[in-house]
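Trainee: This is the content of query28.pdb (PDB, C-alpha atoms):
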MODEL        1
ATOM      1  CA  MET A   1       0.000   0.000   0.000
ATOM      2  CA  SER A   2       1.564   3.270  -1.139
ATOM      3  CA  LEU A   3       0.383   6.437   0.582
ATOM      4  CA  GLY A   4       1.987   8.806  -1.900
ATOM      5  CA  PRO A   5       3.602  12.185  -1.202
ATOM      6  CA  TYR A   6       1.271  13.019   1.712
ATOM      7  CA  ALA A   7       1.933   9.819   3.701
ATOM      8  CA  SER A   8       3.067  11.783   6.765
ATOM      9  CA  PHE A   9      -0.319  13.577   7.005
ATOM     10  CA  ILE A  10      -2.253  10.302   6.690
ATOM     11  CA  VAL A  11      -0.101   8.427   9.212
ATOM     12  CA  THR A  12      -0.185  11.355  11.669
ATOM     13  CA  ALA A  13      -3.992  11.552  11.446
ATOM     14  CA  TYR A  14      -4.429   7.826  12.193
ATOM     15  CA  LEU A  15      -1.780   7.897  14.944
ATOM     16  CA  ALA A  16      -3.386  10.940  16.581
ATOM     17  CA  ALA A  17      -6.785   9.217  16.575
ATOM     18  CA  ALA A  18      -5.289   6.004  18.005
ATOM     19  CA  ILE A  19      -3.365   7.796  20.772
ATOM     20  CA  VAL A  20      -6.239  10.066  21.814
ATOM     21  CA  LEU A  21      -8.790   7.229  21.828
ATOM     22  CA  ALA A  22      -6.410   4.933  23.743
ATOM     23  CA  ALA A  23      -5.944   7.706  26.328
ATOM     24  CA  LEU A  24      -9.727   8.122  26.615
ATOM     25  CA  ILE A  25     -10.287   4.374  27.086
ATOM     26  CA  GLY A  26      -7.418   4.206  29.612
ATOM     27  CA  TRP A  27      -8.823   7.162  31.569
ATOM     28  CA  ILE A  28     -12.260   5.531  31.822
ATOM     29  CA  ALA A  29     -10.728   2.175  32.866
ATOM     30  CA  LEU A  30      -8.557   3.838  35.533
ATOM     31  CA  ASP A  31     -11.514   5.853  36.809
ATOM     32  CA  TYR A  32     -13.514   2.595  37.220
ATOM     33  CA  ARG A  33     -10.654   0.947  39.107
ATOM     34  CA  ASN A  34     -10.322   4.025  41.327
ATOM     35  CA  GLN A  35     -14.049   4.129  42.212
ATOM     36  CA  ARG A  36     -14.095   0.375  42.972
ATOM     37  CA  ARG A  37     -11.058   0.775  45.238
ATOM     38  CA  ARG A  38     -12.738   3.605  47.166
ATOM     39  CA  LEU A  39     -15.901   1.508  47.583
ATOM     40  CA  ARG A  40     -13.877  -1.448  48.864
ATOM     41  CA  GLU A  41     -12.293   0.879  51.438
ATOM     42  CA  PHE A  42     -15.794   1.725  52.699
ATOM     43  CA  ASP A  43     -16.540  -2.003  52.932
ATOM     44  CA  GLU A  44     -13.372  -2.556  54.966
ATOM     45  CA  SER A  45     -14.227   0.289  57.338
ATOM     46  CA  GLY A  46     -17.751  -1.093  57.887
ATOM     47  CA  VAL A  47     -19.680   1.747  56.216
ATOM     48  CA  VAL A  48     -22.774   0.404  54.403
ATOM     49  CA  ARG A  49     -25.300   2.001  52.056
ATOM     50  CA  ARG A  50     -28.694   3.212  53.289
ATOM     51  CA  SER A  51     -30.196   0.033  51.778
ATOM     52  CA  GLY A  52     -27.915  -1.995  54.088
ATOM     53  CA  ARG A  53     -25.973  -3.445  51.164
ATOM     54  CA  GLY A  54     -22.196  -3.393  50.977
ATOM     55  CA  ALA A  55     -20.538  -0.376  49.376
ATOM     56  CA  SER A  56     -18.949  -2.302  46.526
ATOM     57  CA  ASP A  57     -21.977  -4.558  45.907
ATOM     58  CA  LEU A  58     -23.017  -3.882  42.293
ATOM     59  CA  LYS A  59     -26.095  -6.124  42.397
TER      60      LYS A  59
ATOM     61  CA  MET B   7     -36.959  -3.441  29.940
ATOM     62  CA  THR B   8     -38.124   0.194  29.723
ATOM     63  CA  LEU B   9     -36.410   3.506  30.458
ATOM     64  CA  ILE B  10     -38.341   3.614  33.733
ATOM     65  CA  ASP B  11     -36.817   0.266  34.766
ATOM     66  CA  LEU B  12     -33.365   1.713  34.101
ATOM     67  CA  ALA B  13     -34.126   4.566  36.505
ATOM     68  CA  ASN B  14     -32.823   2.210  39.176
ATOM     69  CA  PRO B  15     -29.015   2.728  39.134
ATOM     70  CA  THR B  16     -28.370  -0.753  40.575
ATOM     71  CA  ARG B  17     -30.383  -2.343  37.768
ATOM     72  CA  PHE B  18     -28.505  -0.174  35.269
ATOM     73  CA  LEU B  19     -25.152  -1.334  36.713
ATOM     74  CA  SER B  20     -26.230  -4.955  36.421
ATOM     75  CA  LEU B  21     -27.314  -4.490  32.790
ATOM     76  CA  THR B  22     -24.108  -2.609  31.957
ATOM     77  CA  ALA B  23     -21.944  -5.390  33.426
ATOM     78  CA  ARG B  24     -23.625  -7.863  31.055
ATOM     79  CA  LEU B  25     -23.599  -5.596  27.974
ATOM     80  CA  LEU B  26     -20.131  -4.044  28.098
ATOM     81  CA  PRO B  27     -18.029  -7.102  27.121
ATOM     82  CA  TRP B  28     -20.259  -7.773  24.086
ATOM     83  CA  LEU B  29     -20.263  -4.127  23.030
ATOM     84  CA  ALA B  30     -16.491  -3.849  23.424
ATOM     85  CA  GLY B  31     -15.980  -7.017  21.372
ATOM     86  CA  ALA B  32     -18.353  -5.887  18.606
ATOM     87  CA  THR B  33     -16.631  -2.469  18.511
ATOM     88  CA  ALA B  34     -13.173  -4.056  18.184
ATOM     89  CA  VAL B  35     -14.276  -6.421  15.398
ATOM     90  CA  LEU B  36     -16.078  -3.682  13.448
ATOM     91  CA  MET B  37     -13.146  -1.281  13.890
ATOM     92  CA  LEU B  38     -10.708  -3.891  12.524
ATOM     93  CA  ILE B  39     -12.965  -4.550   9.511
ATOM     94  CA  GLY B  40     -13.323  -0.796   8.921
ATOM     95  CA  LEU B  41      -9.567  -0.213   9.170
ATOM     96  CA  TYR B  42      -8.876  -3.074   6.740
ATOM     97  CA  GLN B  43     -11.426  -1.688   4.269
ATOM     98  CA  SER B  44     -10.003   1.834   4.696
ATOM     99  CA  ALA B  45      -6.486   0.589   3.970
ATOM    100  CA  SER B  46      -7.739  -1.338   0.926
ATOM    101  CA  ALA B  47      -9.769   1.556  -0.514
ATOM    102  CA  PRO B  48      -8.436   2.945  -3.815
ATOM    103  CA  ASP B  49      -6.888   6.399  -4.142
ATOM    104  CA  ASP B  50      -9.220   9.206  -5.135
ATOM    105  CA  TYR B  51      -8.603  10.588  -8.625
ATOM    106  CA  GLN B  52      -8.186  14.125  -7.239
ATOM    107  CA  GLN B  53      -7.115  13.676  -3.592
ATOM    108  CA  GLY B  54      -4.927  10.604  -4.000
ATOM    109  CA  ALA B  55      -4.297   8.590  -0.821
ATOM    110  CA  THR B  56      -5.264  11.507   1.465
ATOM    111  CA  VAL B  57      -8.875  10.369   0.996
ATOM    112  CA  LYS B  58      -8.038   7.737   3.660
ATOM    113  CA  ILE B  59      -8.155  10.524   6.277
ATOM    114  CA  MET B  60     -11.873  10.807   5.480
ATOM    115  CA  PHE B  61     -12.509   7.393   7.095
ATOM    116  CA  ILE B  62     -11.551   8.718  10.538
ATOM    117  CA  HIS B  63     -12.349  12.420  10.078
ATOM    118  CA  VAL B  64     -15.991  12.039   9.028
ATOM    119  CA  PRO B  65     -17.050   9.541  11.776
ATOM    120  CA  ASN B  66     -15.510  11.851  14.406
ATOM    121  CA  ALA B  67     -17.229  14.872  12.870
ATOM    122  CA  TRP B  68     -20.608  13.083  12.816
ATOM    123  CA  LEU B  69     -20.155  11.933  16.415
ATOM    124  CA  SER B  70     -19.176  15.424  17.573
ATOM    125  CA  MET B  71     -22.726  16.536  16.683
ATOM    126  CA  PHE B  72     -24.465  13.254  17.558
ATOM    127  CA  VAL B  73     -23.091  13.303  21.119
ATOM    128  CA  TRP B  74     -24.434  16.838  21.653
ATOM    129  CA  ALA B  75     -27.813  15.664  20.318
ATOM    130  CA  VAL B  76     -27.736  12.771  22.825
ATOM    131  CA  MET B  77     -26.843  15.246  25.586
ATOM    132  CA  SER B  78     -29.749  17.473  24.505
ATOM    133  CA  ALA B  79     -32.144  14.513  24.823
ATOM    134  CA  ALA B  80     -30.635  13.811  28.253
ATOM    135  CA  ALA B  81     -31.093  17.493  29.162
ATOM    136  CA  LEU B  82     -34.805  17.158  28.382
ATOM    137  CA  GLY B  83     -34.808  14.020  30.536
ATOM    138  CA  THR B  84     -33.339  16.053  33.386
ATOM    139  CA  LEU B  85     -35.551  19.132  33.079
ATOM    140  CA  VAL B  86     -38.875  17.621  31.949
ATOM    141  CA  TRP B  87     -39.038  14.000  33.112
ATOM    142  CA  ARG B  88     -36.453  14.208  35.926
ATOM    143  CA  HIS B  89     -35.092  10.801  34.990
ATOM    144  CA  PRO B  90     -32.405   9.908  37.586
ATOM    145  CA  LEU B  91     -29.919   8.710  34.979
ATOM    146  CA  ALA B  92     -30.428  11.561  32.501
ATOM    147  CA  ASP B  93     -27.861  13.897  34.062
ATOM    148  CA  VAL B  94     -25.530  10.934  34.634
ATOM    149  CA  ALA B  95     -25.679  10.268  30.879
ATOM    150  CA  ALA B  96     -25.149  13.942  30.009
ATOM    151  CA  LYS B  97     -22.165  14.308  32.335
ATOM    152  CA  ALA B  98     -20.589  11.063  31.092
ATOM    153  CA  ALA B  99     -21.098  11.998  27.424
ATOM    154  CA  ALA B 100     -19.441  15.449  27.551
ATOM    155  CA  PRO B 101     -15.768  14.301  27.636
ATOM    156  CA  LEU B 102     -16.534  11.762  24.899
ATOM    157  CA  GLY B 103     -18.062  14.456  22.697
ATOM    158  CA  ALA B 104     -15.115  16.759  23.380
ATOM    159  CA  THR B 105     -12.708  13.987  22.324
ATOM    160  CA  PHE B 106     -14.543  13.243  19.071
ATOM    161  CA  THR B 107     -14.746  16.963  18.258
ATOM    162  CA  PHE B 108     -11.037  17.421  18.998
ATOM    163  CA  LEU B 109     -10.211  14.504  16.682
ATOM    164  CA  ALA B 110     -12.491  15.912  13.962
ATOM    165  CA  LEU B 111     -10.593  19.221  14.163
ATOM    166  CA  VAL B 112      -7.127  17.611  14.213
ATOM    167  CA  THR B 113      -7.760  15.106  11.409
ATOM    168  CA  GLY B 114      -9.541  17.808   9.409
ATOM    169  CA  SER B 115      -6.500  20.081   9.712
ATOM    170  CA  LEU B 116      -4.194  17.247   8.649
ATOM    171  CA  TRP B 117      -6.444  16.630   5.646
ATOM    172  CA  GLY B 118      -6.766  20.326   4.870
ATOM    173  CA  ARG B 119      -3.049  21.098   4.689
ATOM    174  CA  PRO B 120      -2.299  18.948   1.600
ATOM    175  CA  MET B 121      -5.720  19.596  -0.038
ATOM    176  CA  TRP B 122      -6.394  23.270   0.716
ATOM    177  CA  GLY B 123      -2.842  24.403   1.395
ATOM    178  CA  THR B 124      -3.650  25.400   4.977
ATOM    179  CA  TYR B 125      -4.202  23.707   8.336
ATOM    180  CA  TRP B 126      -6.864  26.202   9.384
ATOM    181  CA  GLU B 127      -9.265  28.700   7.870
ATOM    182  CA  TRP B 128     -11.766  30.804   9.811
ATOM    183  CA  ASP B 129     -14.658  29.686   7.624
ATOM    184  CA  ALA B 130     -18.148  28.934   8.909
ATOM    185  CA  ARG B 131     -17.818  25.123   9.173
ATOM    186  CA  LEU B 132     -14.436  25.042  10.910
ATOM    187  CA  THR B 133     -15.291  27.926  13.236
ATOM    188  CA  SER B 134     -18.687  26.489  14.253
ATOM    189  CA  VAL B 135     -17.052  23.112  15.054
ATOM    190  CA  LEU B 136     -14.381  24.893  17.107
ATOM    191  CA  ILE B 137     -17.198  26.644  19.003
ATOM    192  CA  LEU B 138     -18.783  23.211  19.625
ATOM    193  CA  PHE B 139     -15.479  21.992  21.083
ATOM    194  CA  LEU B 140     -15.286  25.035  23.373
ATOM    195  CA  MET B 141     -18.897  24.432  24.453
ATOM    196  CA  TYR B 142     -18.015  20.856  25.458
ATOM    197  CA  LEU B 143     -15.102  22.192  27.538
ATOM    198  CA  GLY B 144     -17.416  24.796  29.087
ATOM    199  CA  LEU B 145     -19.940  22.134  30.089
ATOM    200  CA  MET B 146     -17.230  19.957  31.639
ATOM    201  CA  THR B 147     -15.983  22.982  33.591
ATOM    202  CA  LEU B 148     -19.513  23.730  34.790
ATOM    203  CA  TRP B 149     -19.960  20.169  36.086
ATOM    204  CA  ARG B 150     -16.705  20.516  38.026
ATOM    205  CA  ALA B 151     -17.432  24.019  39.326
ATOM    206  CA  VAL B 152     -20.837  23.316  40.928
ATOM    207  CA  GLU B 153     -20.505  20.951  43.885
ATOM    208  CA  ASP B 154     -24.168  19.939  44.231
ATOM    209  CA  PRO B 155     -24.826  17.409  41.395
ATOM    210  CA  SER B 156     -28.541  18.263  41.049
ATOM    211  CA  ARG B 157     -27.866  22.007  40.713
ATOM    212  CA  ALA B 158     -25.043  21.326  38.269
ATOM    213  CA  ALA B 159     -27.355  19.021  36.290
ATOM    214  CA  ARG B 160     -30.046  21.690  35.838
ATOM    215  CA  ALA B 161     -27.559  24.401  34.845
ATOM    216  CA  ALA B 162     -25.784  22.042  32.443
ATOM    217  CA  ALA B 163     -29.121  20.931  30.938
ATOM    218  CA  VAL B 164     -30.131  24.524  30.155
ATOM    219  CA  LEU B 165     -26.703  25.266  28.664
ATOM    220  CA  THR B 166     -26.858  22.075  26.592
ATOM    221  CA  LEU B 167     -30.263  22.959  25.129
ATOM    222  CA  VAL B 168     -29.112  26.502  24.303
ATOM    223  CA  GLY B 169     -25.953  25.104  22.730
ATOM    224  CA  ALA B 170     -28.008  22.774  20.508
ATOM    225  CA  ILE B 171     -28.656  25.840  18.318
ATOM    226  CA  ASN B 172     -25.110  25.308  17.037
ATOM    227  CA  LEU B 173     -25.961  21.878  15.530
ATOM    228  CA  PRO B 174     -28.012  23.105  12.515
ATOM    229  CA  ILE B 175     -25.492  25.927  12.085
ATOM    230  CA  ILE B 176     -22.677  23.347  11.746
ATOM    231  CA  LYS B 177     -24.738  21.101   9.471
ATOM    232  CA  PHE B 178     -25.894  23.837   7.078
ATOM    233  CA  SER B 179     -22.874  26.164   7.355
ATOM    234  CA  VAL B 180     -21.532  24.797   4.062
ATOM    235  CA  ASP B 181     -24.828  25.705   2.343
ATOM    236  CA  TRP B 182     -25.497  29.043   4.020
ATOM    237  CA  TRP B 183     -22.015  30.500   3.605
ATOM    238  CA  ASN B 184     -19.227  30.250   1.069
ATOM    239  CA  THR B 185     -16.786  27.925   2.840
ATOM    240  CA  LEU B 186     -13.539  26.161   2.058
ATOM    241  CA  HIS B 187     -15.080  22.989   3.457
ATOM    242  CA  GLN B 188     -16.900  20.821   0.923
ATOM    243  CA  SER B 189     -20.676  20.417   1.103
ATOM    244  CA  ALA B 190     -22.401  17.225   2.303
ATOM    245  CA  SER B 191     -21.690  14.158   0.188
ATOM    246  CA  VAL B 192     -23.389  11.340   2.134
ATOM    247  CA  PHE B 193     -26.616  12.592   3.768
ATOM    248  CA  ARG B 194     -28.250  14.318   0.787
ATOM    249  CA  VAL B 195     -31.807  14.296  -0.496
ATOM    250  CA  SER B 196     -30.572  13.038  -3.872
ATOM    251  CA  GLY B 197     -28.444  10.304  -2.245
ATOM    252  CA  PRO B 198     -24.698  10.006  -1.564
ATOM    253  CA  THR B 199     -22.281  11.287  -4.185
ATOM    254  CA  LEU B 200     -19.486   9.055  -2.879
ATOM    255  CA  ASP B 201     -18.479   6.012  -4.880
ATOM    256  CA  ARG B 202     -19.290   2.685  -3.216
ATOM    257  CA  ALA B 203     -15.538   1.976  -2.864
ATOM    258  CA  PHE B 204     -15.347   4.897  -0.401
ATOM    259  CA  LEU B 205     -18.891   4.827   0.970
ATOM    260  CA  THR B 206     -18.745   1.252   2.331
ATOM    261  CA  PRO B 207     -15.590   1.674   4.488
ATOM    262  CA  LEU B 208     -16.840   5.077   5.606
ATOM    263  CA  LEU B 209     -20.158   3.656   6.826
ATOM    264  CA  VAL B 210     -18.422   0.700   8.532
ATOM    265  CA  MET B 211     -16.041   3.083  10.318
ATOM    266  CA  ALA B 212     -18.961   5.346  11.272
ATOM    267  CA  LEU B 213     -20.786   2.362  12.761
ATOM    268  CA  ALA B 214     -17.613   1.249  14.588
ATOM    269  CA  PHE B 215     -17.098   4.740  16.075
ATOM    270  CA  THR B 216     -20.777   4.914  17.074
ATOM    271  CA  LEU B 217     -20.480   1.549  18.850
ATOM    272  CA  LEU B 218     -17.298   2.833  20.516
ATOM    273  CA  PHE B 219     -19.254   5.848  21.758
ATOM    274  CA  VAL B 220     -22.088   3.675  23.130
ATOM    275  CA  THR B 221     -19.573   1.379  24.863
ATOM    276  CA  LEU B 222     -17.625   4.245  26.416
ATOM    277  CA  LEU B 223     -20.829   6.073  27.385
ATOM    278  CA  LEU B 224     -22.113   3.054  29.321
ATOM    279  CA  ALA B 225     -18.701   2.592  30.994
ATOM    280  CA  ALA B 226     -18.482   6.290  31.900
ATOM    281  CA  MET B 227     -22.076   6.281  33.226
ATOM    282  CA  ARG B 228     -21.211   3.273  35.399
ATOM    283  CA  ASN B 229     -18.201   5.213  36.755
ATOM    284  CA  GLU B 230     -20.367   8.260  37.472
ATOM    285  CA  ILE B 231     -22.934   6.163  39.374
ATOM    286  CA  LEU B 232     -20.116   4.650  41.469
ATOM    287  CA  ARG B 233     -18.663   8.145  42.049
ATOM    288  CA  ARG B 234     -22.032   9.311  43.392
ATOM    289  CA  ARG B 235     -22.243   6.222  45.580
ATOM    290  CA  VAL B 236     -18.802   7.096  46.991
ATOM    291  CA  ARG B 237     -20.035  10.651  47.650
ATOM    292  CA  SER B 238     -23.163   9.481  49.517
ATOM    293  CA  LEU B 239     -21.078   6.986  51.547
ATOM    294  CA  GLN B 240     -18.701   9.803  52.491
ATOM    295  CA  ILE B 241     -21.714  11.745  53.805
ATOM    296  CA  ILE B 242     -22.919   8.677  55.769
ATOM    297  CA  GLN B 243     -19.401   8.159  57.161
ATOM    298  CA  ALA B 244     -19.133  11.840  58.156
ATOM    299  CA  GLY B 245     -22.531  11.559  59.901
ATOM    300  CA  GLN B 246     -21.404   8.456  61.795
ATOM    301  CA  LYS B 247     -18.215  10.189  62.910
ATOM    302  CA  ALA B 248     -20.147  13.277  64.045
ATOM    303  CA  ALA B 249     -22.565  11.082  66.047
TER     304      ALA B 249
ENDMDL
END
Turn this file's structure into structure tokens for me.

Mentor:
Amino acid sequence: MSLGPYASFIVTAYLAAAIVLAALIGWIALDYRNQRRRLREFDESGVVRRSGRGASDLK
Amino acid sequence: MTLIDLANPTRFLSLTARLLPWLAGATAVLMLIGLYQSASAPDDYQQGATVKIMFIHVPNAWLSMFVWAVMSAAALGTLVWRHPLADVAAKAAAPLGATFTFLALVTGSLWGRPMWGTYWEWDARLTSVLILFLMYLGLMTLWRAVEDPSRAARAAAVLTLVGAINLPIIKFSVDWWNTLHQSASVFRVSGPTLDRAFLTPLLVMALAFTLLFVTLLLAAMRNEILRRRVRSLQIIQAGQKAA
């Protein structure tokens, strides 16, 4: 596959999209891990929700 | 299952846990097919290989407007129906919309330089999309600035609905004003003007990016629900300590 004289523009565009989207996905995954960790800390300290369920119980 | 059933955050979390792996898998498969088709697409007779930038630029540009439309529907859900997950959806969608808009601007600039001879031109289409990007940033700032989530939700909902005025301006800017940006070539009354060799990979990539948005929106909404649970537990814990 030849990208011609403007290959650098095409490659940069695809790379930029890949990097930015990977960062977005990573940020959301890290945020999830962070929230779960904080909920587990509540479980360990004995704090429960108003419903009586455990903090990190997702069901 | 109806929208009312999903008003229960716990039920929403349970549904999300089941849906996310399938959505992520479908997104990955569709994205790989789209990328393969994009790489295999022929060169355009005028633009050469730079037409390949279209396969990532256009889906991001469509999503930049689609996400705001979704947020506008969520804003109505907040203000009119007071659906408990409406503001969660709006808050979770804003960074996603900002990302897609940013990518539309960046890939558009990288396409514009070899085709138009410039990275940027203050024409109606480019400027109105830049304004959309700034509006996303403004909304995200508003959510962070107001501590009470329900107050922030109402203010953000009003701002979102006002900002929706920009959507038809972006869409029709190429018809209303003389712009460097080309006019619509897919969604036209007389049908697409794109050849099938370009249209098929473009539609596959658009579907893949839309699935990516849905997947990330559900994941970000799940995070926001957990964040609010953390906040309410902090209040309970503070109450217990005070007692």

Trainee: Distance CA of Leu3 in chain A-CA of Ala16 in chain A, one decimal place?

Mentor: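 These two atoms are separated by 17.0 Å.
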
Trainee: Excluding Asp31 in chain A and any residue of its chain fewer than 6 positions from it, enumerate the residues within 10 Å of it, using all atoms listed in the file, and give them as a VMD selection string.

Mentor: (chain A and resid 25 37) or (chain B and resid 225 to 226 229 to 230 232 to 233)

Trainee: Evaluating the ChimeraX specification (/B :<8) & /A on the displayed file yields which residues, as a PyMOL selection string?

Mentor: chain A and resi 1-4+6-7+9-10+12-14+16-17+20-21+24-25+28+31-32+35-36+38-39+42+47-49+55+58-59

Trainee: Can you work out the spacing between CA of Tyr42 in chain B and CA of Thr206 in chain B in Å, to one decimal?

Mentor: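 One can read the CA of Tyr42 in chain B to CA of Thr206 in chain B distance as 11.6 Å.
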
Trainee: Which residues are near Ala95 in chain B? Cut-off 7 Å, all atoms listed in the file, ignore same chain within fewer than 3 positions. Put them as a VMD selection string.

Mentor: chain B and resid 80 91 to 92 98 to 99 227

Trainee: Quick check, in Å to one decimal: how far apart do CA of Leu209 in chain B and CA of Leu167 in chain B lie?

Mentor: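 Answer for the CA of Leu209 in chain B to CA of Leu167 in chain B separation: 28.5 Å.
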
Trainee: Residues within 10 Å of (-21.3, 14.1, 17.6), file coordinates, counting all atoms listed in the file: what are they? Give the list as a PDB file with C-alpha atoms, in the frame of the given file.

Mentor:
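Writing done, so here's selection_16.pdb:
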ATOM      1  CA  PRO B  65     -17.050   9.541  11.776  1.00  0.00           C
ATOM      2  CA  ASN B  66     -15.510  11.851  14.406  1.00  0.00           C
ATOM      3  CA  ALA B  67     -17.229  14.872  12.870  1.00  0.00           C
ATOM      4  CA  TRP B  68     -20.608  13.083  12.816  1.00  0.00           C
ATOM      5  CA  LEU B  69     -20.155  11.933  16.415  1.00  0.00           C
ATOM      6  CA  SER B  70     -19.176  15.424  17.573  1.00  0.00           C
ATOM      7  CA  MET B  71     -22.726  16.536  16.683  1.00  0.00           C
ATOM      8  CA  PHE B  72     -24.465  13.254  17.558  1.00  0.00           C
ATOM      9  CA  VAL B  73     -23.091  13.303  21.119  1.00  0.00           C
ATOM     10  CA  TRP B  74     -24.434  16.838  21.653  1.00  0.00           C
ATOM     11  CA  ALA B  75     -27.813  15.664  20.318  1.00  0.00           C
ATOM     12  CA  VAL B  76     -27.736  12.771  22.825  1.00  0.00           C
ATOM     13  CA  MET B  77     -26.843  15.246  25.586  1.00  0.00           C
ATOM     14  CA  LEU B 102     -16.534  11.762  24.899  1.00  0.00           C
ATOM     15  CA  GLY B 103     -18.062  14.456  22.697  1.00  0.00           C
ATOM     16  CA  ALA B 104     -15.115  16.759  23.380  1.00  0.00           C
ATOM     17  CA  THR B 105     -12.708  13.987  22.324  1.00  0.00           C
ATOM     18  CA  PHE B 106     -14.543  13.243  19.071  1.00  0.00           C
ATOM     19  CA  THR B 107     -14.746  16.963  18.258  1.00  0.00           C
ATOM     20  CA  ALA B 110     -12.491  15.912  13.962  1.00  0.00           C
ATOM     21  CA  LEU B 138     -18.783  23.211  19.625  1.00  0.00           C
ATOM     22  CA  LEU B 173     -25.961  21.878  15.530  1.00  0.00           C
ATOM     23  CA  THR B 216     -20.777   4.914  17.074  1.00  0.00           C
ATOM     24  CA  PHE B 219     -19.254   5.848  21.758  1.00  0.00           C
TER      25      PHE B 219
END

Trainee: Could you give me, as an mmCIF file with C-alpha atoms, in the coordinates of the input, the residues within 10 Å of Asp129 in chain B, counting only C-alpha atoms and dropping anything in the same chain fewer than 3 positions from it?

Mentor:
data_model
loop_
_atom_site.group_PDB
_atom_site.id
_atom_site.type_symbol
_atom_site.label_atom_id
_atom_site.label_comp_id
_atom_site.auth_asym_id
_atom_site.auth_seq_id
_atom_site.Cartn_x
_atom_site.Cartn_y
_atom_site.Cartn_z
ATOM 1 C CA TRP B 126 -6.864 26.202 9.384
ATOM 2 C CA LEU B 132 -14.436 25.042 10.910
ATOM 3 C CA THR B 133 -15.291 27.926 13.236
ATOM 4 C CA SER B 134 -18.687 26.489 14.253
ATOM 5 C CA SER B 179 -22.874 26.164 7.355
ATOM 6 C CA VAL B 180 -21.532 24.797 4.062
ATOM 7 C CA TRP B 183 -22.015 30.500 3.605
ATOM 8 C CA ASN B 184 -19.227 30.250 1.069
ATOM 9 C CA THR B 185 -16.786 27.925 2.840
ATOM 10 C CA LEU B 186 -13.539 26.161 2.058
ATOM 11 C CA HIS B 187 -15.080 22.989 3.457
#

Trainee: May I have the residues within 9 Å of Val210 in chain B as a list in words, using only C-alpha atoms and disregarding those fewer than 2 positions away in the same chain?

Mentor: Leu36, Met37, Ile39, Gly40, Leu41, Gln43, Leu205, Thr206, Pro207, Leu208, Ala212, Leu213, Ala214 and Phe215 of chain B
